[in-house]
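Data from input_12.pdb: PDB, C-alpha atoms
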ATOM      1  CA  MET A   1      53.494  54.545  23.127  1.00  0.00           C
ATOM      2  CA  ALA A   2      55.688  57.635  23.208  1.00  0.00           C
ATOM      3  CA  THR A   3      59.430  57.260  23.341  1.00  0.00           C
ATOM      4  CA  ILE A   4      60.572  58.069  26.858  1.00  0.00           C
ATOM      5  CA  THR A   5      63.742  60.096  26.991  1.00  0.00           C
ATOM      6  CA  GLY A   6      66.031  61.258  29.743  1.00  0.00           C
ATOM      7  CA  GLU A   7      64.294  64.623  29.524  1.00  0.00           C
ATOM      8  CA  THR A   8      60.916  63.069  30.385  1.00  0.00           C
ATOM      9  CA  THR A   9      62.466  61.026  33.173  1.00  0.00           C
ATOM     10  CA  ARG A  10      64.138  64.134  34.593  1.00  0.00           C
ATOM     11  CA  ALA A  11      60.848  66.080  34.449  1.00  0.00           C
ATOM     12  CA  TYR A  12      59.042  63.387  36.421  1.00  0.00           C
ATOM     13  CA  ASN A  13      61.867  63.037  38.937  1.00  0.00           C
ATOM     14  CA  ASP A  14      62.116  66.767  39.553  1.00  0.00           C
ATOM     15  CA  LEU A  15      58.374  67.293  39.891  1.00  0.00           C
ATOM     16  CA  VAL A  16      57.940  64.356  42.275  1.00  0.00           C
ATOM     17  CA  GLU A  17      60.743  65.733  44.454  1.00  0.00           C
ATOM     18  CA  LEU A  18      59.340  69.280  44.290  1.00  0.00           C
ATOM     19  CA  ASN A  19      55.967  68.034  45.491  1.00  0.00           C
ATOM     20  CA  LYS A  20      57.371  65.856  48.264  1.00  0.00           C
ATOM     21  CA  THR A  21      59.348  68.851  49.457  1.00  0.00           C
ATOM     22  CA  ALA A  22      56.342  71.164  49.158  1.00  0.00           C
ATOM     23  CA  ALA A  23      54.243  68.726  51.200  1.00  0.00           C
ATOM     24  CA  LYS A  24      56.853  68.895  53.981  1.00  0.00           C
ATOM     25  CA  GLY A  25      57.192  72.661  53.663  1.00  0.00           C
ATOM     26  CA  TYR A  26      53.461  73.267  53.868  1.00  0.00           C
ATOM     27  CA  GLN A  27      53.191  70.982  56.894  1.00  0.00           C
ATOM     28  CA  GLU A  28      55.967  72.934  58.626  1.00  0.00           C
ATOM     29  CA  ALA A  29      54.262  76.190  57.671  1.00  0.00           C
ATOM     30  CA  ALA A  30      50.962  74.895  59.081  1.00  0.00           C
ATOM     31  CA  GLU A  31      52.714  74.129  62.357  1.00  0.00           C
ATOM     32  CA  GLY A  32      54.187  77.637  62.445  1.00  0.00           C
ATOM     33  CA  VAL A  33      51.102  79.785  61.874  1.00  0.00           C
ATOM     34  CA  SER A  34      48.840  80.945  64.677  1.00  0.00           C
ATOM     35  CA  SER A  35      45.499  81.145  62.846  1.00  0.00           C
ATOM     36  CA  PRO A  36      43.533  77.876  63.121  1.00  0.00           C
ATOM     37  CA  ASP A  37      41.879  78.502  59.732  1.00  0.00           C
ATOM     38  CA  LEU A  38      45.228  79.164  58.081  1.00  0.00           C
ATOM     39  CA  LYS A  39      46.717  76.107  59.793  1.00  0.00           C
ATOM     40  CA  ALA A  40      43.927  73.951  58.308  1.00  0.00           C
ATOM     41  CA  LYS A  41      44.354  75.442  54.827  1.00  0.00           C
ATOM     42  CA  LEU A  42      48.147  74.957  54.826  1.00  0.00           C
ATOM     43  CA  SER A  43      47.683  71.354  55.989  1.00  0.00           C
ATOM     44  CA  GLN A  44      45.274  70.886  53.098  1.00  0.00           C
ATOM     45  CA  PHE A  45      47.924  72.218  50.694  1.00  0.00           C
ATOM     46  CA  SER A  46      50.426  69.780  52.223  1.00  0.00           C
ATOM     47  CA  GLN A  47      48.079  66.877  51.518  1.00  0.00           C
ATOM     48  CA  GLN A  48      47.446  68.194  47.997  1.00  0.00           C
ATOM     49  CA  ARG A  49      51.174  68.226  47.226  1.00  0.00           C
ATOM     50  CA  ALA A  50      51.624  64.707  48.601  1.00  0.00           C
ATOM     51  CA  GLN A  51      48.782  63.658  46.293  1.00  0.00           C
ATOM     52  CA  PHE A  52      50.477  65.418  43.360  1.00  0.00           C
ATOM     53  CA  ALA A  53      53.703  63.485  44.038  1.00  0.00           C
ATOM     54  CA  SER A  54      51.713  60.246  44.134  1.00  0.00           C
ATOM     55  CA  GLU A  55      49.878  61.068  40.877  1.00  0.00           C
ATOM     56  CA  LEU A  56      53.149  61.883  39.140  1.00  0.00           C
ATOM     57  CA  SER A  57      54.777  58.682  40.407  1.00  0.00           C
ATOM     58  CA  GLN A  58      51.835  56.621  39.138  1.00  0.00           C
ATOM     59  CA  SER A  59      51.914  58.379  35.778  1.00  0.00           C
ATOM     60  CA  ALA A  60      55.682  57.883  35.513  1.00  0.00           C
ATOM     61  CA  ARG A  61      55.366  54.160  36.226  1.00  0.00           C
ATOM     62  CA  GLN A  62      52.995  53.852  33.247  1.00  0.00           C
ATOM     63  CA  PHE A  63      55.960  54.888  31.104  1.00  0.00           C
ATOM     64  CA  GLY A  64      58.406  52.590  32.862  1.00  0.00           C
ATOM     65  CA  ILE A  65      59.922  55.383  34.987  1.00  0.00           C
ATOM     66  CA  SER A  66      60.355  54.892  38.709  1.00  0.00           C
ATOM     67  CA  PRO A  67      60.955  58.356  40.211  1.00  0.00           C
ATOM     68  CA  GLU A  68      61.727  56.887  43.627  1.00  0.00           C
ATOM     69  CA  ASP A  69      64.665  54.995  42.115  1.00  0.00           C
ATOM     70  CA  GLU A  70      65.910  57.653  39.735  1.00  0.00           C
ATOM     71  CA  SER A  71      68.232  60.478  40.643  1.00  0.00           C
ATOM     72  CA  THR A  72      69.390  63.360  38.532  1.00  0.00           C
ATOM     73  CA  VAL A  73      71.753  66.213  39.173  1.00  0.00           C
ATOM     74  CA  GLU A  74      68.905  68.630  38.478  1.00  0.00           C
ATOM     75  CA  GLY A  75      66.645  66.769  40.910  1.00  0.00           C
ATOM     76  CA  ALA A  76      69.321  66.833  43.584  1.00  0.00           C
ATOM     77  CA  LEU A  77      69.795  70.554  43.087  1.00  0.00           C
ATOM     78  CA  THR A  78      66.046  71.163  43.199  1.00  0.00           C
ATOM     79  CA  ASP A  79      65.763  69.141  46.409  1.00  0.00           C
ATOM     80  CA  ALA A  80      68.699  70.980  47.973  1.00  0.00           C
ATOM     81  CA  ALA A  81      67.153  74.337  47.128  1.00  0.00           C
ATOM     82  CA  ALA A  82      63.829  73.198  48.522  1.00  0.00           C
ATOM     83  CA  ALA A  83      65.475  71.980  51.736  1.00  0.00           C
ATOM     84  CA  VAL A  84      67.050  75.400  52.133  1.00  0.00           C
ATOM     85  CA  HIS A  85      63.638  76.941  51.567  1.00  0.00           C
ATOM     86  CA  ARG A  86      62.095  74.771  54.311  1.00  0.00           C
ATOM     87  CA  GLY A  87      64.865  75.963  56.576  1.00  0.00           C
ATOM     88  CA  TRP A  88      63.903  79.535  55.803  1.00  0.00           C
ATOM     89  CA  ILE A  89      60.347  78.829  56.904  1.00  0.00           C
ATOM     90  CA  ASN A  90      61.693  77.585  60.235  1.00  0.00           C
ATOM     91  CA  ILE A  91      64.166  80.432  60.640  1.00  0.00           C
ATOM     92  CA  LYS A  92      61.748  83.126  59.566  1.00  0.00           C
ATOM     93  CA  SER A  93      58.995  81.890  61.878  1.00  0.00           C
ATOM     94  CA  ALA A  94      61.429  81.845  64.792  1.00  0.00           C
ATOM     95  CA  ILE A  95      62.739  85.338  64.024  1.00  0.00           C
ATOM     96  CA  THR A  96      59.348  86.894  63.430  1.00  0.00           C
ATOM     97  CA  GLY A  97      57.711  85.215  66.389  1.00  0.00           C
ATOM     98  CA  GLN A  98      55.528  82.992  64.230  1.00  0.00           C
ATOM     99  CA  ASP A  99      54.294  85.859  62.041  1.00  0.00           C
ATOM    100  CA  ASP A 100      51.685  84.345  59.729  1.00  0.00           C
ATOM    101  CA  SER A 101      52.296  86.839  56.925  1.00  0.00           C
ATOM    102  CA  ALA A 102      56.032  86.084  56.840  1.00  0.00           C
ATOM    103  CA  ILE A 103      55.357  82.336  56.751  1.00  0.00           C
ATOM    104  CA  LEU A 104      52.880  82.847  53.909  1.00  0.00           C
ATOM    105  CA  GLY A 105      55.564  84.818  52.073  1.00  0.00           C
ATOM    106  CA  GLU A 106      57.853  81.802  52.297  1.00  0.00           C
ATOM    107  CA  CYS A 107      55.079  79.537  51.017  1.00  0.00           C
ATOM    108  CA  GLU A 108      54.568  81.940  48.127  1.00  0.00           C
ATOM    109  CA  THR A 109      58.279  81.735  47.311  1.00  0.00           C
ATOM    110  CA  GLY A 110      58.127  77.936  47.443  1.00  0.00           C
ATOM    111  CA  ASP A 111      55.196  77.888  45.050  1.00  0.00           C
ATOM    112  CA  ALA A 112      56.995  80.266  42.679  1.00  0.00           C
ATOM    113  CA  THR A 113      59.898  77.786  42.637  1.00  0.00           C
ATOM    114  CA  ALA A 114      57.509  74.889  42.028  1.00  0.00           C
ATOM    115  CA  LEU A 115      55.842  76.748  39.164  1.00  0.00           C
ATOM    116  CA  GLN A 116      59.244  77.280  37.544  1.00  0.00           C
ATOM    117  CA  GLY A 117      59.888  73.545  37.768  1.00  0.00           C
ATOM    118  CA  TYR A 118      56.550  72.788  36.146  1.00  0.00           C
ATOM    119  CA  GLU A 119      57.123  75.358  33.421  1.00  0.00           C
ATOM    120  CA  THR A 120      60.535  73.859  32.672  1.00  0.00           C
ATOM    121  CA  ALA A 121      58.938  70.410  32.352  1.00  0.00           C
ATOM    122  CA  LEU A 122      56.161  71.761  30.133  1.00  0.00           C
ATOM    123  CA  LYS A 123      58.702  73.296  27.728  1.00  0.00           C
ATOM    124  CA  SER A 124      59.794  69.794  26.765  1.00  0.00           C
ATOM    125  CA  ASN A 125      58.551  68.725  23.365  1.00  0.00           C
ATOM    126  CA  GLU A 126      59.131  65.129  24.399  1.00  0.00           C
ATOM    127  CA  LEU A 127      56.481  64.851  27.123  1.00  0.00           C
ATOM    128  CA  PRO A 128      53.804  62.294  26.257  1.00  0.00           C
ATOM    129  CA  ALA A 129      50.307  63.857  25.995  1.00  0.00           C
ATOM    130  CA  GLN A 130      49.075  62.047  29.118  1.00  0.00           C
ATOM    131  CA  ALA A 131      52.032  63.329  31.145  1.00  0.00           C
ATOM    132  CA  ARG A 132      51.528  66.859  29.824  1.00  0.00           C
ATOM    133  CA  SER A 133      47.876  66.755  30.869  1.00  0.00           C
ATOM    134  CA  VAL A 134      48.714  65.755  34.467  1.00  0.00           C
ATOM    135  CA  ILE A 135      51.501  68.337  34.703  1.00  0.00           C
ATOM    136  CA  GLU A 136      49.347  71.145  33.261  1.00  0.00           C
ATOM    137  CA  LYS A 137      46.518  70.382  35.705  1.00  0.00           C
ATOM    138  CA  GLN A 138      48.879  70.405  38.688  1.00  0.00           C
ATOM    139  CA  HIS A 139      50.574  73.602  37.460  1.00  0.00           C
ATOM    140  CA  SER A 140      47.170  75.290  37.334  1.00  0.00           C
ATOM    141  CA  GLU A 141      46.315  74.191  40.876  1.00  0.00           C
ATOM    142  CA  ILE A 142      49.683  75.362  42.228  1.00  0.00           C
ATOM    143  CA  LEU A 143      49.205  78.722  40.525  1.00  0.00           C
ATOM    144  CA  SER A 144      45.763  78.985  42.119  1.00  0.00           C
ATOM    145  CA  THR A 145      47.261  78.183  45.536  1.00  0.00           C
ATOM    146  CA  LYS A 146      50.032  80.734  45.064  1.00  0.00           C
ATOM    147  CA  ASN A 147      47.478  83.389  44.140  1.00  0.00           C
ATOM    148  CA  TRP A 148      45.391  82.509  47.215  1.00  0.00           C
ATOM    149  CA  ILE A 149      48.452  82.797  49.451  1.00  0.00           C
ATOM    150  CA  THR A 150      49.384  86.150  47.905  1.00  0.00           C
ATOM    151  CA  GLY A 151      45.893  87.373  48.761  1.00  0.00           C
ATOM    152  CA  GLN A 152      46.151  86.134  52.339  1.00  0.00           C
ATOM    153  CA  LYS A 153      49.491  87.783  53.129  1.00  0.00           C
ATOM    154  CA  GLY A 154      48.049  91.250  53.641  1.00  0.00           C
ATOM    155  CA  ARG A 155      45.277  90.149  55.968  1.00  0.00           C
TER     156      ARG A 155
END

Would you put the structure from the file into structure tokens?
Amino acid sequence: MATITGETTRAYNDLVELNKTAAKGYQEAAEGVSSPDLKAKLSQFSQQRAQFASELSQSARQFGISPEDESTVEGALTDAAAAVHRGWINIKSAITGQDDSAILGECETGDATALQGYETALKSNELPAQARSVIEKQHSEILSTKNWITGQKGR
């Protein structure tokens, strides 16, 4: 079994928090858009991110890490930034009169932030292979979502 370091613990903690926050953000975005199809897709992304958080928590527990019980300065900062981002979705939708494109822009920004968190975690040479595999798969799916959202903004 790989040696679990503070760096691995921090990666799990931060990514679980990012995904919990993204799940909330996508749900709020879904509530703010006017298009029924877009509402359904954003709700689907919310469920996906909740699933990602669950997968990461399960993976972490296999290494003796309990992300729900752990707290790091970096994780707290990530969560604070994400909370601010969710606020922007609310503010922007109110200001723009629920403009779907503006809300999608905020989702795109949130995914860019999430991708940075994943890329930071993947830079660690200490991640066990199993953890790296889960994180790489989720990174790829988030990138795909971000690209989809970018394509939808101009419609």

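Closest approach to A:Glu31 among A:Ala131, A:Leu115, A:Ile103, A:Leu122 is made by A:Ile103 (distances from all atoms listed in the file).
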
Assuming the chain letters and numbering stay as they are in my file, what does the PyMOL selection byres ((chain A and resi 148) around 12) actually select? List them as a compact mmCIF listing (two decimals) with C-alpha atoms, in the coordinates of the input.
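That gives us part_11.txt:
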# COMPACT_ATOMS: atom_id res chain seq x y z
CA LEU A 38 45.23 79.16 58.08
CA LYS A 41 44.35 75.44 54.83
CA LEU A 42 48.15 74.96 54.83
CA PHE A 45 47.92 72.22 50.69
CA LEU A 104 52.88 82.85 53.91
CA GLY A 105 55.56 84.82 52.07
CA CYS A 107 55.08 79.54 51.02
CA GLU A 108 54.57 81.94 48.13
CA ASP A 111 55.20 77.89 45.05
CA GLU A 141 46.32 74.19 40.88
CA ILE A 142 49.68 75.36 42.23
CA LEU A 143 49.20 78.72 40.52
CA SER A 144 45.76 78.98 42.12
CA THR A 145 47.26 78.18 45.54
CA LYS A 146 50.03 80.73 45.06
CA ASN A 147 47.48 83.39 44.14
CA ILE A 149 48.45 82.80 49.45
CA THR A 150 49.38 86.15 47.90
CA GLY A 151 45.89 87.37 48.76
CA GLN A 152 46.15 86.13 52.34
CA LYS A 153 49.49 87.78 53.13
CA GLY A 154 48.05 91.25 53.64
CA ARG A 155 45.28 90.15 55.97

Kindly resolve the PyMOL selection byres ((chain A and resi 139) around 12) on the present coordinates and return the residues as an mmCIF file with C-alpha atoms, in the coordinates of the input.
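selection.cif, freshly written:
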data_model
loop_
_atom_site.group_PDB
_atom_site.id
_atom_site.type_symbol
_atom_site.label_atom_id
_atom_site.label_comp_id
_atom_site.auth_asym_id
_atom_site.auth_seq_id
_atom_site.Cartn_x
_atom_site.Cartn_y
_atom_site.Cartn_z
ATOM 1 C CA LEU A 15 58.374 67.293 39.891
ATOM 2 C CA LEU A 18 59.340 69.280 44.290
ATOM 3 C CA ASN A 19 55.967 68.034 45.491
ATOM 4 C CA ARG A 49 51.174 68.226 47.226
ATOM 5 C CA PHE A 52 50.477 65.418 43.360
ATOM 6 C CA ASP A 111 55.196 77.888 45.050
ATOM 7 C CA ALA A 112 56.995 80.266 42.679
ATOM 8 C CA THR A 113 59.898 77.786 42.637
ATOM 9 C CA ALA A 114 57.509 74.889 42.028
ATOM 10 C CA LEU A 115 55.842 76.748 39.164
ATOM 11 C CA GLN A 116 59.244 77.280 37.544
ATOM 12 C CA GLY A 117 59.888 73.545 37.768
ATOM 13 C CA TYR A 118 56.550 72.788 36.146
ATOM 14 C CA GLU A 119 57.123 75.358 33.421
ATOM 15 C CA THR A 120 60.535 73.859 32.672
ATOM 16 C CA ALA A 121 58.938 70.410 32.352
ATOM 17 C CA LEU A 122 56.161 71.761 30.133
ATOM 18 C CA ARG A 132 51.528 66.859 29.824
ATOM 19 C CA SER A 133 47.876 66.755 30.869
ATOM 20 C CA VAL A 134 48.714 65.755 34.467
ATOM 21 C CA ILE A 135 51.501 68.337 34.703
ATOM 22 C CA GLU A 136 49.347 71.145 33.261
ATOM 23 C CA LYS A 137 46.518 70.382 35.705
ATOM 24 C CA GLN A 138 48.879 70.405 38.688
ATOM 25 C CA SER A 140 47.170 75.290 37.334
ATOM 26 C CA GLU A 141 46.315 74.191 40.876
ATOM 27 C CA ILE A 142 49.683 75.362 42.228
ATOM 28 C CA LEU A 143 49.205 78.722 40.525
ATOM 29 C CA SER A 144 45.763 78.985 42.119
ATOM 30 C CA THR A 145 47.261 78.183 45.536
ATOM 31 C CA LYS A 146 50.032 80.734 45.064
#

In Å, how far is it from atom CA of A:Gly64 to atom CA of A:Ser46? 27.1 Å

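A straight-line distance of 27.9 Å separates atom CA of A:Gly6 from atom CA of A:Gly25.
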
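In this model, the gap between atom CA of A:Ala129 and atom CA of A:Thr109 comes to 28.9 Å.
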
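Compared by their closest atoms to A:Ser59, and using all atoms listed in the file, the residues A:Glu126, A:Ser34, A:Glu7, A:Val16 rank with A:Val16 nearest.
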
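Once the PyMOL selection byres ((chain A and resi 11-13) around 7) is applied to the shown structure, the selection contains A:Glu7, A:Thr8, A:Thr9, A:Arg10, A:Asp14, A:Leu15, A:Val16, A:Glu17, A:Leu56, A:Ala60, A:Pro67, A:Glu70, A:Gly75, A:Ala121.
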
Using all atoms listed in the file, can you tell me which of A:Ser35, A:Glu28, A:Arg61, A:Thr21 comes closest to A:Asp99? A:Ser35

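With all atoms listed in the file as the atoms that count, the minimum distance from A:Gln48 to the choices A:Lys20, A:Asn125, A:Gln130, A:Asp100 is reached by A:Lys20.
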
Would you compute, for all listed atoms of stretch 46-64 of chain A, the axis-aligned bounding box grown by 8 Å on each side, and then report its centre and edge lengths in Å rounded to one decimal, as JSON?
{"center_x": 52.9, "center_y": 61.2, "center_z": 41.7, "size_x": 27.0, "size_y": 33.2, "size_z": 37.1}

Taking all heavy atoms as the atom set, what does stretch 138-149 of chain A look like once completed, written as a compact mmCIF listing (two decimals), keeping the file's coordinate frame?
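So part_15.txt came out as:
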# COMPACT_ATOMS: atom_id res chain seq x y z
N GLN A 138 48.23 70.10 37.42
CA GLN A 138 48.88 70.40 38.69
C GLN A 138 49.45 71.82 38.68
O GLN A 138 49.33 72.54 39.68
CB GLN A 138 49.97 69.38 39.00
CG GLN A 138 49.40 68.02 39.33
CD GLN A 138 50.46 67.01 39.71
OE1 GLN A 138 51.65 67.31 39.73
NE2 GLN A 138 50.04 65.80 40.02
N HIS A 139 50.04 72.24 37.58
CA HIS A 139 50.57 73.60 37.46
C HIS A 139 49.47 74.61 37.74
O HIS A 139 49.65 75.57 38.50
CB HIS A 139 51.17 73.81 36.06
CG HIS A 139 51.68 75.20 35.83
ND1 HIS A 139 50.85 76.22 35.40
CD2 HIS A 139 52.92 75.74 35.96
CE1 HIS A 139 51.56 77.33 35.29
NE2 HIS A 139 52.82 77.07 35.61
N SER A 140 48.31 74.39 37.16
CA SER A 140 47.17 75.29 37.33
C SER A 140 46.75 75.36 38.81
O SER A 140 46.46 76.45 39.33
CB SER A 140 46.01 74.82 36.46
OG SER A 140 44.88 75.60 36.68
N GLU A 141 46.71 74.22 39.47
CA GLU A 141 46.32 74.19 40.88
C GLU A 141 47.36 74.87 41.77
O GLU A 141 47.00 75.55 42.73
CB GLU A 141 46.04 72.75 41.32
CG GLU A 141 44.78 72.21 40.66
CD GLU A 141 44.40 70.83 41.15
OE1 GLU A 141 44.49 70.58 42.37
OE2 GLU A 141 44.01 70.01 40.30
N ILE A 142 48.63 74.69 41.45
CA ILE A 142 49.68 75.36 42.23
C ILE A 142 49.60 76.87 42.03
O ILE A 142 49.74 77.64 42.98
CB ILE A 142 51.08 74.81 41.87
CG1 ILE A 142 51.20 73.37 42.34
CG2 ILE A 142 52.19 75.67 42.49
CD1 ILE A 142 52.42 72.63 41.83
N LEU A 143 49.35 77.29 40.80
CA LEU A 143 49.20 78.72 40.52
C LEU A 143 48.02 79.29 41.32
O LEU A 143 48.12 80.37 41.91
CB LEU A 143 49.02 78.97 39.03
CG LEU A 143 48.86 80.42 38.60
CD1 LEU A 143 50.08 81.25 39.01
CD2 LEU A 143 48.65 80.51 37.09
N SER A 144 46.94 78.56 41.36
CA SER A 144 45.76 78.98 42.12
C SER A 144 46.11 79.11 43.61
O SER A 144 45.72 80.08 44.27
CB SER A 144 44.63 77.98 41.91
OG SER A 144 43.51 78.31 42.69
N THR A 145 46.83 78.15 44.13
CA THR A 145 47.26 78.18 45.54
C THR A 145 48.16 79.38 45.79
O THR A 145 47.98 80.11 46.77
CB THR A 145 48.01 76.88 45.92
OG1 THR A 145 47.11 75.79 45.76
CG2 THR A 145 48.54 76.92 47.33
N LYS A 146 49.12 79.60 44.90
CA LYS A 146 50.03 80.73 45.06
C LYS A 146 49.25 82.05 45.08
O LYS A 146 49.51 82.92 45.90
CB LYS A 146 51.08 80.75 43.95
CG LYS A 146 52.08 81.90 44.09
CD LYS A 146 53.07 81.89 42.93
CE LYS A 146 53.98 83.09 42.97
NZ LYS A 146 53.28 84.34 42.68
N ASN A 147 48.29 82.18 44.19
CA ASN A 147 47.48 83.39 44.14
C ASN A 147 46.66 83.55 45.42
O ASN A 147 46.51 84.67 45.93
CB ASN A 147 46.58 83.39 42.91
CG ASN A 147 47.36 83.57 41.62
OD1 ASN A 147 48.48 84.06 41.61
ND2 ASN A 147 46.78 83.13 40.52
N TRP A 148 46.14 82.46 45.96
CA TRP A 148 45.39 82.51 47.22
C TRP A 148 46.30 83.00 48.35
O TRP A 148 45.93 83.86 49.13
CB TRP A 148 44.80 81.14 47.54
CG TRP A 148 43.96 81.16 48.77
CD1 TRP A 148 42.62 81.46 48.86
CD2 TRP A 148 44.39 80.87 50.10
NE1 TRP A 148 42.21 81.38 50.16
CE2 TRP A 148 43.27 81.02 50.95
CE3 TRP A 148 45.61 80.51 50.67
CZ2 TRP A 148 43.34 80.83 52.33
CZ3 TRP A 148 45.67 80.30 52.05
CH2 TRP A 148 44.55 80.46 52.86
N ILE A 149 47.50 82.41 48.40
CA ILE A 149 48.45 82.80 49.45
C ILE A 149 48.82 84.27 49.34
O ILE A 149 48.87 84.99 50.35
CB ILE A 149 49.70 81.89 49.40
CG1 ILE A 149 49.33 80.52 49.94
CG2 ILE A 149 50.86 82.48 50.20
CD1 ILE A 149 50.37 79.48 49.80
